[in-house]
>>> print(open('coords-v7.tsv').read())   # TSV, C-alpha atoms (C1' of nucleotides)
chain	number	residue	atom	x	y	z
A	31	MET	CA	-1.15	-5.39	10.53
A	32	PHE	CA	-0.07	-1.82	11.27
A	33	SER	CA	1.18	0.60	8.64
A	34	LYS	CA	4.87	1.51	8.59
A	35	ALA	CA	3.90	4.97	9.84
A	36	CYS	CA	2.17	3.39	12.82
A	37	GLU	CA	5.10	1.10	13.62
A	38	TYR	CA	7.42	4.11	13.60
A	39	GLY	CA	4.94	6.13	15.65
A	40	ILE	CA	4.75	3.50	18.38
A	41	LYS	CA	8.51	3.04	18.59
A	42	ALA	CA	9.11	6.78	18.54
A	43	SER	CA	6.61	7.31	21.34
A	44	ILE	CA	8.36	4.72	23.47
A	45	PHE	CA	11.75	6.34	22.92
A	46	ILE	CA	10.38	9.79	23.70
A	47	ALA	CA	8.78	8.42	26.88
A	48	ILE	CA	12.07	6.93	28.07
A	49	ASN	CA	13.85	10.23	27.59
A	50	SER	CA	11.05	12.25	29.11
A	51	TYR	CA	11.46	10.30	32.34
A	52	GLU	CA	14.95	11.79	32.44
A	53	GLY	CA	13.72	15.26	31.54
A	54	LYS	CA	15.34	15.07	28.13
A	55	ARG	CA	13.82	16.26	24.87
A	56	VAL	CA	14.74	14.39	21.70
A	57	SER	CA	14.93	15.34	18.02
A	58	PRO	CA	13.64	13.45	14.97
A	59	LYS	CA	17.27	12.63	14.19
A	60	GLU	CA	17.95	10.99	17.54
A	61	ILE	CA	14.63	9.20	17.40
A	62	SER	CA	15.07	7.83	13.91
A	63	GLU	CA	18.57	6.62	14.76
A	64	GLU	CA	17.29	4.83	17.81
A	65	ILE	CA	14.31	3.19	16.13
A	66	ASP	CA	15.94	2.70	12.72
A	67	SER	CA	13.52	4.74	10.63
A	68	PRO	CA	13.77	7.43	7.90
A	69	THR	CA	14.26	10.76	9.67
A	70	ALA	CA	12.02	13.08	7.63
A	71	PHE	CA	9.21	10.55	7.47
A	72	THR	CA	9.45	10.04	11.20
A	73	ALA	CA	9.20	13.80	11.72
A	74	LYS	CA	5.96	13.79	9.75
A	75	ILE	CA	4.51	11.12	11.98
A	76	LEU	CA	5.57	13.03	15.08
A	77	GLN	CA	3.58	16.01	13.79
A	78	ALA	CA	0.48	13.83	13.69
A	79	LEU	CA	1.07	12.67	17.26
A	80	VAL	CA	1.51	16.27	18.35
A	81	ARG	CA	-1.74	17.27	16.65
A	82	ASP	CA	-3.46	14.46	18.53
A	83	ASN	CA	-1.98	15.65	21.82
A	84	ILE	CA	-0.17	12.40	22.45
A	85	ILE	CA	3.29	13.93	22.48
A	86	ASN	CA	4.40	17.51	22.94
A	87	SER	CA	6.75	19.52	20.75
A	88	VAL	CA	8.90	22.48	21.73
A	89	LYS	CA	10.10	24.58	18.82
A	90	GLY	CA	13.31	26.55	18.56
A	91	ALA	CA	16.73	26.09	20.08
A	92	TYR	CA	16.89	23.51	22.85
A	93	GLY	CA	13.52	22.26	21.68
A	94	GLY	CA	12.47	18.75	20.73
A	95	PHE	CA	9.79	16.20	21.50
A	96	GLU	CA	8.68	15.14	24.95
A	97	ILE	CA	5.79	13.63	26.87
A	98	ASP	CA	4.49	14.89	30.20
A	99	LYS	CA	5.96	12.45	32.73
A	100	ASN	CA	2.67	12.07	34.56
A	101	LYS	CA	0.86	11.35	31.32
A	102	ILE	CA	3.04	8.47	30.12
A	103	SER	CA	1.21	5.77	32.05
A	104	THR	CA	-2.14	7.04	30.78
A	105	ILE	CA	-1.32	6.86	27.08
A	106	LYS	CA	-2.72	3.67	25.61
A	107	LEU	CA	-1.33	1.94	22.56
A	108	SER	CA	-4.80	2.28	21.05
A	109	GLN	CA	-4.49	6.08	21.11
A	110	ILE	CA	-1.28	6.02	19.11
A	111	VAL	CA	-2.67	3.53	16.60
A	112	ASN	CA	-5.86	5.55	16.29
A	113	ALA	CA	-3.97	8.78	15.68
A	114	ILE	CA	-2.04	7.26	12.79
A	115	ASP	CA	-4.00	4.36	11.29
A	116	GLY	CA	-7.49	5.20	12.49
A	117	ASP	CA	-9.81	2.54	13.84
A	118	LYS	CA	-10.30	0.41	10.75
A	119	ILE	CA	-8.03	-2.23	12.23
A	120	TYR	CA	-10.67	-3.28	14.73
A	121	LYS	CA	-13.76	-1.83	13.12
A	122	GLY	CA	-13.62	-2.78	9.44
A	123	CYS	CA	-14.93	-6.01	7.94
A	124	GLY	CA	-12.34	-8.76	7.53
A	125	LEU	CA	-13.45	-9.36	3.94
A	126	GLY	CA	-13.97	-5.70	3.07
A	127	LEU	CA	-17.77	-5.69	3.01
A	128	HIS	CA	-19.26	-2.23	3.17
A	129	THR	CA	-21.84	-3.35	5.69
A	130	CYS	CA	-20.88	-6.18	7.98
A	131	ASP	CA	-22.69	-6.66	11.28
A	132	GLU	CA	-24.82	-9.21	13.12
A	133	ASP	CA	-27.71	-8.59	10.72
A	134	HIS	CA	-25.64	-8.77	7.57
A	135	PRO	CA	-22.39	-10.60	8.37
A	136	CYS	CA	-19.60	-11.60	6.02
A	137	PRO	CA	-18.73	-15.32	6.02
A	138	VAL	CA	-15.96	-14.90	8.60
A	139	HIS	CA	-17.69	-12.30	10.74
A	140	ASP	CA	-18.19	-14.44	13.86
A	141	LYS	CA	-14.73	-15.97	13.75
A	142	PHE	CA	-13.12	-12.62	13.13
A	143	LYS	CA	-14.89	-10.99	16.02
A	144	ILE	CA	-12.80	-12.96	18.47
A	145	VAL	CA	-9.50	-11.98	16.89
A	146	ARG	CA	-10.48	-8.35	16.64
A	147	SER	CA	-11.65	-8.11	20.22
A	148	GLU	CA	-8.40	-9.74	21.35
A	149	LEU	CA	-6.53	-7.09	19.38
A	150	ARG	CA	-8.64	-4.23	20.68
A	151	ASN	CA	-8.21	-5.60	24.18
A	152	MET	CA	-4.47	-5.66	23.78
A	153	LEU	CA	-4.32	-2.12	22.41
A	154	GLU	CA	-6.60	-0.79	25.14
A	155	ASN	CA	-4.73	-2.48	27.96
A	156	THR	CA	-1.20	-1.63	27.01
A	157	ASN	CA	0.20	1.76	27.97
A	158	LEU	CA	3.38	3.61	27.11
A	159	GLU	CA	4.84	3.21	30.59
A	160	GLN	CA	4.78	-0.58	30.36
A	161	LEU	CA	6.47	-0.50	26.97
A	162	ALA	CA	9.09	2.02	28.07
A	163	LEU	CA	9.98	-0.07	31.12
A	164	ASN	CA	10.50	-3.12	28.92
A	165	ILE	CA	13.09	-1.18	26.98
A	166	LYS	CA	14.76	0.39	30.01
A	167	SER	CA	15.14	-2.98	31.69
A	168	GLY	CA	16.72	-4.40	28.56
A	169	SER	CA	14.05	-7.04	28.14
A	170	ALA	CA	12.84	-5.64	24.81
A	171	PHE	CA	14.34	-3.76	21.89
A	172	LEU	CA	13.41	-0.95	19.50
A	173	LYS	CA	15.46	-2.09	16.53
A	174	ILE	CA	17.18	-4.90	14.58
B	601	MET	CA	-5.61	-6.94	7.95
B	602	PHE	CA	-5.75	-8.81	4.63
B	603	SER	CA	-4.85	-7.28	1.26
B	604	LYS	CA	-7.64	-6.51	-1.19
B	605	ALA	CA	-6.36	-9.39	-3.32
B	606	CYS	CA	-6.74	-11.73	-0.37
B	607	GLU	CA	-10.25	-10.52	0.43
B	608	TYR	CA	-11.27	-11.13	-3.18
B	609	GLY	CA	-9.50	-14.50	-3.17
B	610	ILE	CA	-11.40	-15.72	-0.11
B	611	LYS	CA	-14.76	-14.57	-1.38
B	612	ALA	CA	-14.10	-15.99	-4.85
B	613	SER	CA	-13.13	-19.36	-3.37
B	614	ILE	CA	-16.35	-19.47	-1.40
B	615	PHE	CA	-18.43	-18.71	-4.49
B	616	ILE	CA	-16.59	-21.30	-6.54
B	617	ALA	CA	-17.13	-23.87	-3.80
B	618	ILE	CA	-20.87	-23.23	-3.71
B	619	ASN	CA	-21.13	-23.74	-7.45
B	620	SER	CA	-18.85	-26.76	-7.46
B	621	TYR	CA	-21.26	-28.51	-5.10
B	622	GLU	CA	-23.77	-28.21	-7.95
B	623	GLY	CA	-21.28	-29.32	-10.56
B	624	LYS	CA	-21.13	-25.86	-12.10
B	625	ARG	CA	-18.00	-24.07	-13.30
B	626	VAL	CA	-17.92	-20.29	-13.00
B	627	SER	CA	-16.12	-17.55	-14.91
B	628	PRO	CA	-14.23	-14.52	-13.55
B	629	LYS	CA	-17.15	-12.39	-14.74
B	630	GLU	CA	-19.75	-14.33	-12.75
B	631	ILE	CA	-17.46	-14.41	-9.75
B	632	SER	CA	-16.66	-10.72	-9.74
B	633	GLU	CA	-20.33	-9.86	-10.09
B	634	GLU	CA	-21.21	-12.05	-7.17
B	635	ILE	CA	-18.46	-10.80	-4.87
B	636	ASP	CA	-18.41	-7.21	-6.13
B	637	SER	CA	-14.81	-7.06	-7.31
B	638	PRO	CA	-12.96	-5.88	-10.45
B	639	THR	CA	-13.14	-8.69	-13.00
B	640	ALA	CA	-9.63	-8.63	-14.50
B	641	PHE	CA	-8.00	-8.25	-11.11
B	642	THR	CA	-10.05	-11.12	-9.76
B	643	ALA	CA	-8.92	-13.27	-12.69
B	644	LYS	CA	-5.31	-12.58	-11.72
B	645	ILE	CA	-5.95	-13.72	-8.20
B	646	LEU	CA	-7.66	-16.86	-9.44
B	647	GLN	CA	-4.49	-17.68	-11.39
B	648	ALA	CA	-2.53	-17.59	-8.15
B	649	LEU	CA	-5.02	-19.91	-6.47
B	650	VAL	CA	-4.77	-22.30	-9.42
B	651	ARG	CA	-0.96	-22.26	-9.22
B	652	ASP	CA	-1.25	-23.16	-5.55
B	653	ASN	CA	-3.64	-25.99	-6.36
B	654	ILE	CA	-6.43	-24.56	-4.26
B	655	ILE	CA	-8.86	-24.21	-7.14
B	656	ASN	CA	-8.89	-25.84	-10.54
B	657	SER	CA	-9.25	-24.15	-13.91
B	658	VAL	CA	-10.57	-25.62	-17.15
B	659	LYS	CA	-9.61	-23.69	-20.25
B	660	GLY	CA	-11.55	-23.32	-23.47
B	661	ALA	CA	-15.24	-23.35	-24.22
B	662	TYR	CA	-17.42	-24.58	-21.37
B	663	GLY	CA	-14.45	-24.07	-19.09
B	664	GLY	CA	-14.24	-22.08	-15.89
B	665	PHE	CA	-13.14	-22.43	-12.30
B	666	GLU	CA	-14.12	-25.22	-9.95
B	667	ILE	CA	-13.03	-27.06	-6.83
B	668	ASP	CA	-13.09	-30.80	-6.38
B	669	LYS	CA	-16.21	-31.45	-4.27
B	670	ASN	CA	-14.40	-33.81	-1.96
B	671	LYS	CA	-11.63	-31.28	-1.41
B	672	ILE	CA	-13.78	-28.36	-0.31
B	673	SER	CA	-13.96	-29.36	3.34
B	674	THR	CA	-10.18	-29.85	3.46
B	675	ILE	CA	-9.25	-26.39	2.21
B	676	LYS	CA	-8.39	-24.17	5.15
B	677	LEU	CA	-8.69	-20.40	5.14
B	678	SER	CA	-5.00	-20.32	6.02
B	679	GLN	CA	-4.12	-21.94	2.68
B	680	ILE	CA	-5.92	-19.24	0.72
B	681	VAL	CA	-4.38	-16.46	2.78
B	682	ASN	CA	-0.96	-18.02	2.45
B	683	ALA	CA	-1.27	-18.38	-1.32
B	684	ILE	CA	-2.04	-14.68	-1.73
B	685	ASP	CA	-0.59	-12.73	1.20
B	686	GLY	CA	2.05	-15.16	2.42
B	687	ASP	CA	2.54	-15.84	6.10
B	688	LYS	CA	3.71	-12.41	7.26
B	689	ILE	CA	0.32	-11.85	8.88
B	690	TYR	CA	1.05	-14.31	11.64
B	691	LYS	CA	4.81	-14.54	11.38
B	692	GLY	CA	6.08	-10.96	11.09
B	693	CYS	CA	6.92	-8.65	14.00
B	694	GLY	CA	4.12	-6.31	15.05
B	695	LEU	CA	6.51	-3.36	15.06
B	696	GLY	CA	8.44	-4.40	11.95
B	697	LEU	CA	11.65	-5.51	13.66
B	698	HIS	CA	13.86	-7.61	11.43
B	699	THR	CA	14.53	-10.03	14.27
B	700	CYS	CA	11.81	-10.43	16.86
B	701	ASP	CA	11.67	-13.56	18.98
B	702	GLU	CA	11.86	-14.65	22.62
B	703	ASP	CA	15.57	-13.79	22.74
B	704	HIS	CA	15.22	-10.41	21.08
B	705	PRO	CA	11.60	-9.29	21.38
B	706	CYS	CA	10.05	-6.00	20.33
B	707	PRO	CA	8.19	-4.11	23.08
B	708	VAL	CA	4.82	-5.62	22.17
B	709	HIS	CA	6.06	-9.11	21.34
B	710	ASP	CA	4.41	-10.95	24.24
B	711	LYS	CA	1.13	-9.13	23.93
B	712	PHE	CA	1.04	-9.59	20.20
B	713	LYS	CA	1.70	-13.28	20.44
B	714	ILE	CA	-1.76	-13.85	21.84
B	715	VAL	CA	-3.51	-11.94	19.07
B	716	ARG	CA	-1.50	-13.61	16.38
B	717	SER	CA	-2.05	-17.10	17.70
B	718	GLU	CA	-5.77	-16.37	17.91
B	719	LEU	CA	-5.65	-15.31	14.27
B	720	ARG	CA	-3.60	-18.30	13.17
B	721	ASN	CA	-5.96	-20.54	15.10
B	722	MET	CA	-8.94	-19.06	13.35
B	723	LEU	CA	-7.36	-19.40	9.91
B	724	GLU	CA	-6.28	-22.98	10.57
B	725	ASN	CA	-9.64	-24.08	11.92
B	726	THR	CA	-11.91	-22.58	9.31
B	727	ASN	CA	-12.48	-24.45	6.08
B	728	LEU	CA	-14.18	-23.58	2.82
B	729	GLU	CA	-17.10	-25.91	3.45
B	730	GLN	CA	-18.11	-24.07	6.61
B	731	LEU	CA	-17.96	-20.72	4.84
B	732	ALA	CA	-19.87	-21.98	1.82
B	733	LEU	CA	-22.64	-23.38	3.99
B	734	ASN	CA	-23.01	-20.03	5.73
B	735	ILE	CA	-23.72	-18.45	2.37
B	736	LYS	CA	-26.00	-21.20	1.11
B	737	SER	CA	-28.12	-21.05	4.24
B	738	GLY	CA	-28.43	-17.29	3.86
B	739	SER	CA	-26.83	-16.59	7.20
B	740	ALA	CA	-23.87	-14.74	5.66
B	741	PHE	CA	-23.23	-12.63	2.57
B	742	LEU	CA	-20.50	-12.11	-0.03
B	743	LYS	CA	-21.23	-8.48	-0.82
B	744	ILE	CA	-22.66	-5.09	0.19
C	1323	DT	C1'	-10.65	-28.13	-39.24
C	1324	DT	C1'	-12.61	-24.04	-38.07
C	1325	DT	C1'	-14.83	-21.22	-34.75
C	1326	DA	C1'	-16.17	-19.39	-30.49
C	1327	DA	C1'	-15.42	-19.38	-25.73
C	1328	DT	C1'	-12.51	-19.39	-22.28
C	1329	DT	C1'	-8.19	-19.07	-19.04
C	1330	DA	C1'	-3.05	-17.38	-18.91
C	1331	DG	C1'	0.10	-13.88	-18.87
C	1332	DG	C1'	2.50	-9.71	-19.84
C	1333	DA	C1'	2.40	-4.63	-20.37
C	1334	DT	C1'	0.68	-0.69	-18.67
C	1335	DG	C1'	-1.51	2.91	-15.72
C	1336	DC	C1'	-3.36	4.83	-11.39
C	1337	DC	C1'	-3.48	5.60	-6.54
C	1338	DT	C1'	-1.85	5.27	-1.85
C	1339	DT	C1'	1.84	4.72	1.14
C	1340	DT	C1'	6.41	5.59	1.99
C	1341	DG	C1'	10.10	8.59	1.89
C	1342	DT	C1'	12.85	13.12	0.66
C	1343	DC	C1'	13.76	17.96	0.16
C	1344	DT	C1'	13.22	22.76	0.73
C	1345	DT	C1'	11.45	26.63	2.96
C	1346	DA	C1'	8.81	28.92	6.66
C	1347	DA	C1'	7.90	29.68	11.47
C	1348	DT	C1'	9.41	29.70	16.12
C	1349	DT	C1'	12.33	30.35	20.06
C	1350	DA	C1'	16.32	30.32	23.44
C	1351	DA	C1'	20.61	32.29	24.02
C	1352	DA	C1'	24.30	35.44	22.91
D	1285	DT	C1'	18.11	42.22	18.07
D	1286	DT	C1'	20.58	38.92	15.83
D	1287	DT	C1'	21.81	34.22	15.38
D	1288	DA	C1'	21.55	29.42	15.52
D	1289	DA	C1'	18.77	25.60	16.45
D	1290	DT	C1'	14.81	23.60	16.04
D	1291	DT	C1'	9.80	21.98	14.62
D	1292	DA	C1'	5.94	22.71	10.87
D	1293	DA	C1'	4.41	22.24	6.47
D	1294	DG	C1'	4.02	21.70	1.68
D	1295	DA	C1'	5.86	20.06	-2.74
D	1296	DC	C1'	7.96	16.46	-4.81
D	1297	DA	C1'	9.81	11.49	-5.82
D	1298	DA	C1'	9.85	6.41	-5.45
D	1299	DA	C1'	7.77	1.99	-4.59
D	1300	DG	C1'	4.12	-1.13	-4.11
D	1301	DG	C1'	-0.62	-2.42	-4.25
D	1302	DC	C1'	-4.62	-2.21	-7.03
D	1303	DA	C1'	-6.69	-2.36	-11.37
D	1304	DT	C1'	-7.15	-2.52	-16.63
D	1305	DC	C1'	-6.18	-3.96	-21.31
D	1306	DC	C1'	-4.53	-6.63	-24.95
D	1307	DT	C1'	-2.81	-10.76	-26.91
D	1308	DA	C1'	-1.61	-15.71	-26.58
D	1309	DA	C1'	-2.84	-20.33	-25.55
D	1310	DT	C1'	-6.22	-23.80	-25.03
D	1311	DT	C1'	-10.29	-26.51	-25.87
D	1312	DA	C1'	-15.21	-28.10	-26.78
D	1313	DA	C1'	-18.48	-28.06	-30.23
D	1314	DA	C1'	-20.06	-27.28	-34.88
>>> encode(input="coords-v7.tsv", output="structure tokens")
Amino acid sequence: MFSKACEYGIKASIFIAINSYEGKRVSPKEISEEIDSPTAFTAKILQALVRDNIINSVKGAYGGFEIDKNKISTIKLSQIVNAIDGDKIYKGCGLGLHTCDEDHPCPVHDKFKIVRSELRNMLENTNLEQLALNIKSGSAFLKI
Amino acid sequence: MFSKACEYGIKASIFIAINSYEGKRVSPKEISEEIDSPTAFTAKILQALVRDNIINSVKGAYGGFEIDKNKISTIKLSQIVNAIDGDKIYKGCGLGLHTCDEDHPCPVHDKFKIVRSELRNMLENTNLEQLALNIKSGSAFLKI
DNA sequence: TTTAATTAGGATGCCTTTGTCTTAATTAAA
DNA sequence: TTTAATTAAGACAAAGGCATCCTAATTAAA
């Protein structure tokens, strides 16, 4: 469904959010240990999230990655997915047709529409705060 | 969502079904032209569908691929997807956790469940006959 | 029985994604 | 101002998906 990069990006964002609530910046090393991902690759993905203004980076000693506390509840899952995987996941044709719309649908167009809108809905209505709270309360996990 | 191989496999199956209704066998060349796919690669995918008993192949002169007319309405989209992509699409964890279930859920587990069950539902309740009729009636297309 | 047409299958190559490594740029603190 | 810690960025390597090619196996018809 999502690319590996996107999976890592979502989990990393959640971990950064949790720490940002406590005013703590985190490094790619801490992040990758917590979400069980390759460190250097994770760092690359963080760069993309920084470029897209989803997370913030502070260079130099005592630096790291953080998210503005007040912003956490406004960051939707869809933004993270968009920054890394783009919008093909809920825009592209299920059977790979170049043109696929009401006028020229692929054979599964109508049936797929429902699934895709459910997915879009879910990505649009889930924010980082909700996900972070799930982890903090111990009712969800970032690895294993 | 689906792999390229799976997209080709679905479209090929639909085209074979249409022709089987008219008692006609089709070759990888005809198929790939009709669904706009690479011929040799499509042939490989057809082999997988034959191995899984979804389509039937007849070797030698006047051979080709076909589907038992009476079977067409019983072949679910889920069978084709399963034969090519496996079941990870509606079984795997959305964030790639090794273990992700009610006892040990990833942060998006509950939200994802809905999307996945909608997808599974769609794949289980769509059969080749429906898709073939859409094409025959001109209300859906296999390419462009 | 030979031939021509056809699917099966293995070997190979290319491209994208995934992942690593090294160096540059930046910055807080000593 | 120097140092140590840190992110940024580009080059490189590995793996997997996508695609091609060649040969073997099969079979209907001549």
>>> closest_residue(input="coords-v7.tsv", among="B:Glu634, B:Gly663, B:Gly692, B:Ala617", to="B:Pro705", atoms="all atoms listed in the file")
B:Gly692
>>> closest_residue(input="coords-v7.tsv", among="C:DT1339, C:DT1334, C:DT1324, C:DT1349", to="chain A", atoms="all atoms listed in the file")
C:DT1349
>>> atom_distance(input="coords-v7.tsv", atom1="atom CA of A:Ile144", atom2="atom CA of A:Ala42")
29.5 Å
>>> residues_near_point(input="coords-v7.tsv", point="(-14.0, -28.6, -16.9)", cutoff="12 Å", atoms="only C-alpha atoms (C1' of nucleotides)", output="PDB file with C-alpha atoms (C1' of nucleotides), in the frame of the given file")
ATOM      1  CA  SER B 620     -18.850 -26.760  -7.460  1.00  0.00           C
ATOM      2  CA  GLY B 623     -21.280 -29.320 -10.560  1.00  0.00           C
ATOM      3  CA  LYS B 624     -21.130 -25.860 -12.100  1.00  0.00           C
ATOM      4  CA  ARG B 625     -18.000 -24.070 -13.300  1.00  0.00           C
ATOM      5  CA  VAL B 626     -17.920 -20.290 -13.000  1.00  0.00           C
ATOM      6  CA  SER B 627     -16.120 -17.550 -14.910  1.00  0.00           C
ATOM      7  CA  ILE B 655      -8.860 -24.210  -7.140  1.00  0.00           C
ATOM      8  CA  ASN B 656      -8.890 -25.840 -10.540  1.00  0.00           C
ATOM      9  CA  SER B 657      -9.250 -24.150 -13.910  1.00  0.00           C
ATOM     10  CA  VAL B 658     -10.570 -25.620 -17.150  1.00  0.00           C
ATOM     11  CA  LYS B 659      -9.610 -23.690 -20.250  1.00  0.00           C
ATOM     12  CA  GLY B 660     -11.550 -23.320 -23.470  1.00  0.00           C
ATOM     13  CA  ALA B 661     -15.240 -23.350 -24.220  1.00  0.00           C
ATOM     14  CA  TYR B 662     -17.420 -24.580 -21.370  1.00  0.00           C
ATOM     15  CA  GLY B 663     -14.450 -24.070 -19.090  1.00  0.00           C
ATOM     16  CA  GLY B 664     -14.240 -22.080 -15.890  1.00  0.00           C
ATOM     17  CA  PHE B 665     -13.140 -22.430 -12.300  1.00  0.00           C
ATOM     18  CA  GLU B 666     -14.120 -25.220  -9.950  1.00  0.00           C
ATOM     19  CA  ILE B 667     -13.030 -27.060  -6.830  1.00  0.00           C
ATOM     20  CA  ASP B 668     -13.090 -30.800  -6.380  1.00  0.00           C
TER      21      ASP B 668
ATOM     22  C1'  DT C1328     -12.510 -19.390 -22.280  1.00  0.00           C
ATOM     23  C1'  DT C1329      -8.190 -19.070 -19.040  1.00  0.00           C
TER      24       DT C1329
ATOM     25  C1'  DT D1311     -10.290 -26.510 -25.870  1.00  0.00           C
ATOM     26  C1'  DA D1312     -15.210 -28.100 -26.780  1.00  0.00           C
TER      27       DA D1312
END
>>> interface_residues(input="coords-v7.tsv", of="chain D", to="chain B", cutoff="12 Å", atoms="all atoms listed in the file", output="PyMOL selection string")
chain D and resi 1301-1306+1309-1313
>>> axis_aligned_box(input="coords-v7.tsv", around="stretch 42-53 of chain A", padding_each_side="5 Å", output="JSON")
{"center_x": 10.8, "center_y": 10.0, "center_z": 25.5, "size_x": 18.3, "size_y": 20.5, "size_z": 23.9}
>>> closest_atom_pairs(input="coords-v7.tsv", of="chain A", to="chain B", cutoff="8 Å", atoms="all atoms listed in the file", output="CSV")
residue,atom,partner,partner_atom,distance
A:Met31,CA,B:Met601,CA,5.4
A:Phe32,CA,B:Gly694,CA,7.2
A:Lys34,CA,B:Gly696,CA,7.7
A:Glu37,CA,B:Leu695,CA,4.9
A:Tyr38,CA,B:Leu695,CA,7.7
A:Ile40,CA,B:Leu695,CA,7.8
A:Lys41,CA,B:Leu695,CA,7.6
A:Ile119,CA,B:Met601,CA,6.8
A:Gly124,CA,B:Met601,CA,7.0
A:Leu125,CA,B:Glu607,CA,4.9
A:Gly126,CA,B:Glu607,CA,6.6
A:Leu127,CA,B:Ile744,CA,5.7
A:His128,CA,B:Ile744,CA,5.3
A:Thr129,CA,B:Ile744,CA,5.8
A:His134,CA,B:Ala740,CA,6.5
A:Pro135,CA,B:Ala740,CA,5.2
A:Cys136,CA,B:Phe741,CA,5.1
A:Pro137,CA,B:Ala740,CA,5.2
A:Val138,CA,B:Leu731,CA,7.2
A:Lys141,CA,B:Met722,CA,6.6
A:Phe142,CA,B:Met722,CA,7.7
A:Ile144,CA,B:Glu718,CA,7.8
A:Val145,CA,B:Leu719,CA,5.7
A:Glu148,CA,B:Val715,CA,5.8
A:Leu149,CA,B:Val715,CA,5.7
A:Met152,CA,B:Lys711,CA,6.6
A:Leu161,CA,B:Pro707,CA,5.6
A:Ala162,CA,B:Pro707,CA,8.0
A:Asn164,CA,B:Pro707,CA,6.4
A:Ile165,CA,B:Pro707,CA,6.9
A:Ser169,CA,B:Pro705,CA,7.5
A:Ala170,CA,B:Pro705,CA,5.2
A:Phe171,CA,B:Cys706,CA,5.1
A:Leu172,CA,B:Cys706,CA,6.1
A:Lys173,CA,B:Leu697,CA,5.9
A:Ile174,CA,B:His698,CA,5.3
>>> closest_atom_pairs(input="coords-v7.tsv", of="chain C", to="chain A", cutoff="10 Å", atoms="only C-alpha atoms (C1' of nucleotides)", output="Markdown table")
| residue | atom | partner | partner_atom | distance |
| --- | --- | --- | --- | --- |
| C:DT1339 | C1' | A:Ser33 | CA | 8.6 |
| C:DT1340 | C1' | A:Phe71 | CA | 7.9 |
| C:DG1341 | C1' | A:Phe71 | CA | 6.0 |
| C:DT1342 | C1' | A:Ala70 | CA | 7.0 |
| C:DC1343 | C1' | A:Ala70 | CA | 9.1 |
| C:DA1347 | C1' | A:Lys89 | CA | 9.2 |
| C:DT1348 | C1' | A:Gly90 | CA | 5.6 |
| C:DT1349 | C1' | A:Gly90 | CA | 4.2 |
| C:DA1350 | C1' | A:Ala91 | CA | 5.4 |
| C:DA1351 | C1' | A:Ala91 | CA | 8.3 |
